Structure formats: C-alpha cells, structure tokens
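Visitor: Below is a structure I'd like to ask you about.
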Amino acid sequence: MKKGIGKSHSKIILIGEHSVVYGYPAIAIPLKKIEIECLVEEAKTSFFYNKTDTLSVAVFTALKHLKKENAKIKYKITSQIPPKRGMGSSAAVSIAAIQAVFDYFEENLDDELLEKLVHTAEIVAHNTPSGLDAKTCLSDKAIKFIKNKGFSYIDLNLDAYLVIADTGIYGNTGEAIQNVKSLGSKADIFLKKLGELTDEMVKILTENNESKEKKVDKIGKIMTKANTELGNLHITIEKTDLFVKTAIEKGASGAKISGGGLGGCVIALAKNLDIVEKIKEGLIKCGAENIWVEKI
Ligand SMILES: C[C@@](O)(CCO)CC(=O)[O-]
C-alpha cells in the first residue's frame with residue numbers, strides 16, 4: 001500500500017519565550033530523543049478537515065499547497081511528546097504531518113517551504129507564532145532566534161544537565177499570549193527585561209572564557225530571573241512556582257518554565273548527575289508526571 005512518513009522531535013526554550021513574539025531574541029534547544037512520527041496512508045474516503053485540530057490543519061495545509069484537498073488519505077501520529085506542555089508538540093506534529101503528505105505524493109519539500117507551511121498551520125494553532133518552535137523542531141542544534149530576522153546555531157558545551165519536568169497540567173500558548181497582550185504597555189518593562197536577560201545569556205555562552213562551572217552558575221541565575229519576569233507576565237502557575245523553588249532547593253543552578261506557560265514543563269539546570277538525581281527526587285514528590293534529562 002502507498003504510504004508517506006514524516007518525522008520531527010521535541011524542543012525546550014532555554015530563555016526568551018513570549019518576549020520572542022515581540023522581537024527580542026530567544027535561545028531554544030531541540031530534544032532529539034523525544035520523537036514524533038506521522039504516517040499517511042491510502043483511505044477509502046476523503047480526508048476530513050477539522051480546523052480545531054493542529055494535525056488536521058497541518059495535513060490540510062500540505063494538501064492545499066499540493067492542490068489535493070480531496071485526496072483519499074488517512075493519517076496516524078506516533079508521538080513521545082506530551083501535548084500542550086511547551087515541548088513543541090504542535091510544531092513537531094505539523095512538521096511530521098506535512099513531510100508525510102509530501103512523501104506520500106512523492107513531492108519535493110525543502111526546508112524553506114516546510115517552514116512556511118508549518119508557519120501557516122501554526123497560525124491556526126496559536127495566532128501569532130514567532131516561528132521559534134518550528135525552527136527548533138527543524139534544527140539539530142541549539143539556536144539563537146529572532147523573529148523575522150533569522151537564527152544562528154549556538155554551541156552550549158556546558159557539560160551540564162537540563163532536568164525537564166512535566167507538571168502534567170496542560171498549558172495554553174494561545175491564552176498565555178493573550179494574557180501578555182492584555183497587560184498592554186505594562187508588559188513592556190518585563191518583555192524588555194527578558195530581552196536583556198537573553199542577551200546576557202548569549203554573551204556568557206559565546207564570549208565568556210570562564211570555567212564551565214561558573215558559566216552554569218550564571219546561566220542558572222539568569223534562568224531563575226527570567227522565570228520571575230514570566231511570572232510578572234502572569235503565565236506561571238502555582239505548580240510551576242513550586243517546581244522552580246524545589247529544583248533550586250535541591251541544588252539546581254536555576255530553573256524556569258519553558259514554552260507557552262500556564263502549565264507545561266519546568267526546566268532546571270544541574271551541574272552534575274548527583275544534583276540531577278536530587279532534583280528528580282524532589283520534583284517527583286511535588287507531582288512531576290514525567291522527567292527527561294538532557295545533557296547540554
Ligand atoms: C510563547 C512562545 O514564545 C513559545 C511557545 O513555545 C510563542 C512563540 O514563540 O510563538
């Protein structure tokens with residue numbers, strides 16, 4: 001039977017979520033071990049478009065581009081990425097689905113077109129995507145990203161670990177973006193501060209000759225400060241605050257939410273595996289539903 005396959009992976013945002021929507025830089029890291037795959041196969045009936053479902057929107061976006069809106073296909077997603085947790089599941093679903101549709105019809109798809117189509121699909125998912133999620137889910141390496149300006153690869157090389165802990169609470173990027181918008185000009189000062197913190201982190205990562213340990217300390221502190229600013233923007237919640245506090249008590253150099261907010265994941269930076277274990281233990285006691293560890 002004819003079939004098409006597409007693949008992508010998860011991501012986290014080290015710093016700069018939300019402020020990136022307003023033109024400030026962000027740093028994001030692909031999580032290549034947490035994968036997603038989409039399979040497209042022949043079906044008896046035409047594809048049914050549901051505009052409230054990210055996957056359906058992505059498939060439709062690809063079919064529309066190929067002028068095959070009435071194609072008789074069905075699709076299936078196999079994903080390790082929990083949805084609505086700030087781990088890029090909507091961008092990754094879109095990437096995998098669009099690739100699978102193009103693969104099914106044996107059409108060429110370069111990265112530029114893929115990104116454009118993902119962006120179109122993402123607009124339906126949360127209105128004003130900066131493009132950061134899609135770019136990170138398409139990347140093999142950490143990136144520094146500025147909306148409408150592009151990206152550059154960034155070498156982290158810290159010999160440290162990120163503990164990524166899922167609160168189990170669905171975040172809502174669209175609502176979180178709306179919360180920030182509704183603060184009006186009151187948000188400006190917090191967004192600017194996030195931009196400054198990101199610039200500071202980029203400097204440490206790219207220009208600083210200190211020991212890795214000192215860099216990790218500084219980066220951790222910046223992460224925690226960023227979380228405070230995200231709190232000022234009303235997108236942290238009680239459980240993420242508890243995770244951040246606990247991770248730091250257990251020895252994390254710093255911690256923050258990652259992604260859209262209002263739930264989702266907290267990321268904590270740890271200097272070594274002993275600290276990783278302590279953080280994990282603490283966060284499991286606080287109700288973490290799932291924990292991943294990424295060396296950075
Ligand atoms: C909240 C946000 O900054 C990140 C969502 O993962 C939105 C975006 O960049 O499109």
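Identifiers for the structure tokens are assigned positionally: chains receive A, B, ... in sequence, residues are indexed from 1 per chain, and ligands are indexed from 1 in the order shown.
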So which bits of stretch 71-293 of chain A end up alpha helix (DSSP H) when you DSSP the backbone, as a PyMOL selection string?
Guide: chain A and resi 89-104+111-126+132-137+173-182+188-207+212-232+238-249+273-285
Visitor: Give the residue list for ligand 1 at 7 Å, counting only C-alpha atoms and all ligand atoms, as number ranges by chain, sorted by chain and then by residue number.
Guide: A: 16-21, 86-88, 128-133, 173, 177, 259-260
Visitor: With a distance cut-off of 12 Å and only C-alpha atoms, select the neighbouring residues of A:Val57, excluding the residue or stretch itself and same-chain residues fewer than 2 positions from it, and output the selection as a PyMOL selection string.
Guide: chain A and resi 47-55+59-64+69+90-91+93-95+97-98+117-125
Visitor: Next, write the just-selected residues to a file, as a PDB file, in the first residue's frame, keeping C-alpha atoms as the atom set.
Guide:
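And here is the file that came out, result06.pdb:
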ATOM      1  CA  PHE A  47      -9.584  13.445   4.208  1.00  0.00           C
ATOM      2  CA  PHE A  48     -11.858  15.258   6.672  1.00  0.00           C
ATOM      3  CA  TYR A  49     -10.689  18.745   7.632  1.00  0.00           C
ATOM      4  CA  ASN A  50     -11.172  19.804  11.249  1.00  0.00           C
ATOM      5  CA  LYS A  51      -9.851  23.315  11.751  1.00  0.00           C
ATOM      6  CA  THR A  52      -9.671  22.988  15.550  1.00  0.00           C
ATOM      7  CA  ASP A  53      -7.168  20.150  15.366  1.00  0.00           C
ATOM      8  CA  THR A  54      -3.495  21.004  14.792  1.00  0.00           C
ATOM      9  CA  LEU A  55      -2.778  17.747  12.991  1.00  0.00           C
ATOM     10  CA  VAL A  59      -2.393  17.865   6.749  1.00  0.00           C
ATOM     11  CA  PHE A  60      -4.860  20.236   5.081  1.00  0.00           C
ATOM     12  CA  THR A  61      -2.191  22.938   4.675  1.00  0.00           C
ATOM     13  CA  ALA A  62       0.040  20.447   2.846  1.00  0.00           C
ATOM     14  CA  LEU A  63      -2.818  19.077   0.705  1.00  0.00           C
ATOM     15  CA  LYS A  64      -3.915  22.597  -0.206  1.00  0.00           C
ATOM     16  CA  GLU A  69      -7.606  18.833  -0.874  1.00  0.00           C
ATOM     17  CA  SER A  90       2.192  21.414  17.846  1.00  0.00           C
ATOM     18  CA  ALA A  91       5.145  22.491  15.663  1.00  0.00           C
ATOM     19  CA  VAL A  93       3.133  17.467  14.676  1.00  0.00           C
ATOM     20  CA  SER A  94       2.873  19.985  11.850  1.00  0.00           C
ATOM     21  CA  ILE A  95       6.379  19.232  10.575  1.00  0.00           C
ATOM     22  CA  ALA A  97       2.411  15.656   9.037  1.00  0.00           C
ATOM     23  CA  ILE A  98       3.455  17.983   6.241  1.00  0.00           C
ATOM     24  CA  LEU A 117       3.743  25.642   5.583  1.00  0.00           C
ATOM     25  CA  VAL A 118       4.342  24.894   9.281  1.00  0.00           C
ATOM     26  CA  HIS A 119       4.014  28.607   9.984  1.00  0.00           C
ATOM     27  CA  THR A 120       0.674  28.721   8.121  1.00  0.00           C
ATOM     28  CA  ALA A 121      -0.575  25.755  10.174  1.00  0.00           C
ATOM     29  CA  GLU A 122       0.754  27.250  13.429  1.00  0.00           C
ATOM     30  CA  ILE A 123      -1.167  30.488  12.853  1.00  0.00           C
ATOM     31  CA  VAL A 124      -4.354  28.413  13.222  1.00  0.00           C
ATOM     32  CA  ALA A 125      -2.970  26.791  16.391  1.00  0.00           C
TER      33      ALA A 125
END
Visitor: Give me the residues near A:Leu183 as a PyMOL selection string, where near means some atom within 12 Å (using only C-alpha atoms) and where sequence neighbours in that chain fewer than 6 positions away do not count.
Guide: chain A and resi 176-177+189-191+232-235
Visitor: Write out, as a PDB file, in the first residue's frame, the residues just selected, with all heavy atoms.
Guide:
ATOM      1  N   ALA A 176      -1.974  32.174  26.890  1.00  0.00           N
ATOM      2  CA  ALA A 176      -0.841  32.848  27.538  1.00  0.00           C
ATOM      3  C   ALA A 176      -0.423  34.082  26.728  1.00  0.00           C
ATOM      4  O   ALA A 176      -0.161  35.153  27.296  1.00  0.00           O
ATOM      5  CB  ALA A 176       0.332  31.880  27.671  1.00  0.00           C
ATOM      6  N   ILE A 177      -0.400  33.948  25.412  1.00  0.00           N
ATOM      7  CA  ILE A 177      -0.041  35.093  24.561  1.00  0.00           C
ATOM      8  C   ILE A 177      -1.079  36.211  24.753  1.00  0.00           C
ATOM      9  O   ILE A 177      -0.738  37.398  24.833  1.00  0.00           O
ATOM     10  CB  ILE A 177       0.076  34.653  23.081  1.00  0.00           C
ATOM     11  CG1 ILE A 177       1.355  33.812  22.902  1.00  0.00           C
ATOM     12  CG2 ILE A 177       0.080  35.855  22.138  1.00  0.00           C
ATOM     13  CD1 ILE A 177       1.577  33.256  21.513  1.00  0.00           C
ATOM     14  N   ILE A 189       7.953  46.545  30.135  1.00  0.00           N
ATOM     15  CA  ILE A 189       9.130  46.524  31.009  1.00  0.00           C
ATOM     16  C   ILE A 189       9.612  45.081  31.261  1.00  0.00           C
ATOM     17  O   ILE A 189      10.812  44.802  31.273  1.00  0.00           O
ATOM     18  CB  ILE A 189       8.823  47.298  32.321  1.00  0.00           C
ATOM     19  CG1 ILE A 189      10.029  47.286  33.237  1.00  0.00           C
ATOM     20  CG2 ILE A 189       7.623  46.767  33.046  1.00  0.00           C
ATOM     21  CD1 ILE A 189       9.889  48.296  34.376  1.00  0.00           C
ATOM     22  N   PHE A 190       8.654  44.144  31.396  1.00  0.00           N
ATOM     23  CA  PHE A 190       9.019  42.742  31.657  1.00  0.00           C
ATOM     24  C   PHE A 190       9.579  42.081  30.397  1.00  0.00           C
ATOM     25  O   PHE A 190      10.524  41.295  30.456  1.00  0.00           O
ATOM     26  CB  PHE A 190       7.805  41.960  32.175  1.00  0.00           C
ATOM     27  CG  PHE A 190       7.107  42.630  33.327  1.00  0.00           C
ATOM     28  CD1 PHE A 190       5.731  42.838  33.301  1.00  0.00           C
ATOM     29  CD2 PHE A 190       7.823  43.056  34.440  1.00  0.00           C
ATOM     30  CE1 PHE A 190       5.089  43.464  34.365  1.00  0.00           C
ATOM     31  CE2 PHE A 190       7.189  43.677  35.511  1.00  0.00           C
ATOM     32  CZ  PHE A 190       5.811  43.885  35.468  1.00  0.00           C
ATOM     33  N   LEU A 191       8.990  42.426  29.264  1.00  0.00           N
ATOM     34  CA  LEU A 191       9.459  41.850  27.989  1.00  0.00           C
ATOM     35  C   LEU A 191      10.876  42.352  27.696  1.00  0.00           C
ATOM     36  O   LEU A 191      11.753  41.587  27.268  1.00  0.00           O
ATOM     37  CB  LEU A 191       8.505  42.227  26.850  1.00  0.00           C
ATOM     38  CG  LEU A 191       7.103  41.609  26.958  1.00  0.00           C
ATOM     39  CD1 LEU A 191       6.117  42.315  26.037  1.00  0.00           C
ATOM     40  CD2 LEU A 191       7.146  40.104  26.644  1.00  0.00           C
ATOM     41  N   ASN A 232       5.729  37.817  36.249  1.00  0.00           N
ATOM     42  CA  ASN A 232       5.164  39.171  36.146  1.00  0.00           C
ATOM     43  C   ASN A 232       4.205  39.294  34.955  1.00  0.00           C
ATOM     44  O   ASN A 232       3.315  40.130  34.942  1.00  0.00           O
ATOM     45  CB  ASN A 232       6.287  40.208  35.988  1.00  0.00           C
ATOM     46  CG  ASN A 232       7.094  40.377  37.265  1.00  0.00           C
ATOM     47  OD1 ASN A 232       6.578  40.112  38.352  1.00  0.00           O
ATOM     48  ND2 ASN A 232       8.350  40.794  37.145  1.00  0.00           N
ATOM     49  N   LEU A 233       4.443  38.435  33.954  1.00  0.00           N
ATOM     50  CA  LEU A 233       3.565  38.453  32.769  1.00  0.00           C
ATOM     51  C   LEU A 233       2.339  37.542  32.957  1.00  0.00           C
ATOM     52  O   LEU A 233       1.576  37.323  32.014  1.00  0.00           O
ATOM     53  CB  LEU A 233       4.358  37.997  31.531  1.00  0.00           C
ATOM     54  CG  LEU A 233       5.447  38.959  31.037  1.00  0.00           C
ATOM     55  CD1 LEU A 233       6.299  38.293  29.970  1.00  0.00           C
ATOM     56  CD2 LEU A 233       4.835  40.250  30.498  1.00  0.00           C
ATOM     57  N   HIS A 234       2.205  36.992  34.161  1.00  0.00           N
ATOM     58  CA  HIS A 234       1.044  36.149  34.514  1.00  0.00           C
ATOM     59  C   HIS A 234       0.961  34.848  33.726  1.00  0.00           C
ATOM     60  O   HIS A 234      -0.134  34.424  33.353  1.00  0.00           O
ATOM     61  CB  HIS A 234      -0.286  36.920  34.334  1.00  0.00           C
ATOM     62  CG  HIS A 234      -0.365  38.170  35.141  1.00  0.00           C
ATOM     63  ND1 HIS A 234       0.132  38.253  36.423  1.00  0.00           N
ATOM     64  CD2 HIS A 234      -0.862  39.388  34.854  1.00  0.00           C
ATOM     65  CE1 HIS A 234      -0.080  39.476  36.876  1.00  0.00           C
ATOM     66  NE2 HIS A 234      -0.662  40.189  35.935  1.00  0.00           N
ATOM     67  N   ILE A 235       2.084  34.222  33.468  1.00  0.00           N
ATOM     68  CA  ILE A 235       1.984  32.958  32.742  1.00  0.00           C
ATOM     69  C   ILE A 235       2.608  31.785  33.514  1.00  0.00           C
ATOM     70  O   ILE A 235       2.671  30.685  33.009  1.00  0.00           O
ATOM     71  CB  ILE A 235       2.573  33.053  31.325  1.00  0.00           C
ATOM     72  CG1 ILE A 235       3.994  33.532  31.381  1.00  0.00           C
ATOM     73  CG2 ILE A 235       1.732  33.933  30.436  1.00  0.00           C
ATOM     74  CD1 ILE A 235       4.727  33.148  30.177  1.00  0.00           C
TER      75      ILE A 235
END
Visitor: Report as a Markdown table: every residue of stretch 135-197 of chain A with an atom at most 8 Å from stretch 25-43 of chain A, its closest pair of atoms, and their distance in Å to one decimal, counting only C-alpha atoms, with rows sorted by chain and ascending residue number.
Guide:
| residue | atom | partner | partner_atom | distance |
| --- | --- | --- | --- | --- |
| A:Thr136 | CA | A:Pro30 | CA | 5.6 |
| A:Cys137 | CA | A:Pro30 | CA | 6.0 |
| A:Ser139 | CA | A:Pro30 | CA | 6.5 |
| A:Asp140 | CA | A:Pro30 | CA | 6.3 |
| A:Lys141 | CA | A:Pro30 | CA | 6.3 |
| A:Ala142 | CA | A:Ile29 | CA | 4.3 |
| A:Ile143 | CA | A:Ala28 | CA | 5.6 |
| A:Lys144 | CA | A:Ile27 | CA | 4.5 |
| A:Phe145 | CA | A:Ala26 | CA | 5.3 |
| A:Ile146 | CA | A:Pro25 | CA | 4.7 |
| A:Lys147 | CA | A:Pro25 | CA | 7.6 |
| A:Gly195 | CA | A:Pro25 | CA | 6.3 |
Visitor: Would you mind telling me which residue in A:Asp155, A:Asp274, A:Asp110, A:Glu210 lies nearest to A:Lys250 when using only C-alpha atoms?
Guide: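 Ranking A:Asp155, A:Asp274, A:Asp110, A:Glu210 by distance to A:Lys250, first place goes to A:Asp274.
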Visitor: What residues in stretch 8-39 of chain A get the DSSP label strand (DSSP E)? Please answer as a count of residues only.
Guide: 22
Visitor: Name all residues at most 12 Å from A:Val216 (count only C-alpha atoms; drop same-chain ones fewer than 5 positions away) and give them as a list in words.
Guide: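 Within the cut-off, the hits are Leu156, Asn157, Leu158, Asp159, Ala160, Tyr161, Leu162, Met201, Ile204, Leu205, Asn208, Glu210, Ser211, Lys221, Ile222, Met223, Ala252, Ser253, Gly254, Ala255, Ala268, Leu269, Ala270, Lys271, Asn272 and Ile296 of chain A.
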Visitor: Could you check how far atom CA of A:Lys11 sits from atom CA of A:Lys181, in Å to one decimal?
Guide: 24.3 Å
Visitor: Could you please determine the separation between atom CA of A:Lys278 and atom CA of A:Ala247 in Å, to one decimal place?
Guide: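 Separation between atom CA of A:Lys278 and atom CA of A:Ala247: 8.3 Å.
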Visitor: Take atom CA of A:Gly263 and atom CA of A:Tyr170 and report the distance between them in Å, one decimal.
Guide: 5.5 Å
Visitor: Ranking A:Lys84, A:Lys245, A:Lys76, A:Lys67 by minimum distance to A:Gly282 and counting only C-alpha atoms, which one comes first?
Guide: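 Checking each candidate against A:Gly282, we get A:Lys245 as the closest.
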Visitor: For each of A:Lys72, A:Thr236, A:Asp241, A:Leu66, take the minimum atom-to-atom distance to A:Asn172, counting only C-alpha atoms, then give the residue where this is smallest.
Guide: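 Ranking A:Lys72, A:Thr236, A:Asp241, A:Leu66 by distance to A:Asn172, first place goes to A:Thr236.
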Visitor: Counting only C-alpha atoms, which of A:Gly23, A:Glu249, A:Trp292, A:Ile279 gets nearest to A:Lys149?
Guide: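 With only C-alpha atoms as the atom set, the closest residue is A:Gly23.
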Visitor: Which of these, A:Glu200, A:Thr224, A:Gly168, A:Gly174, has the shortest distance to A:Pro83 once you count only C-alpha atoms?
Guide: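 When distances to A:Pro83 are compared using only C-alpha atoms, the smallest one comes from A:Gly168.
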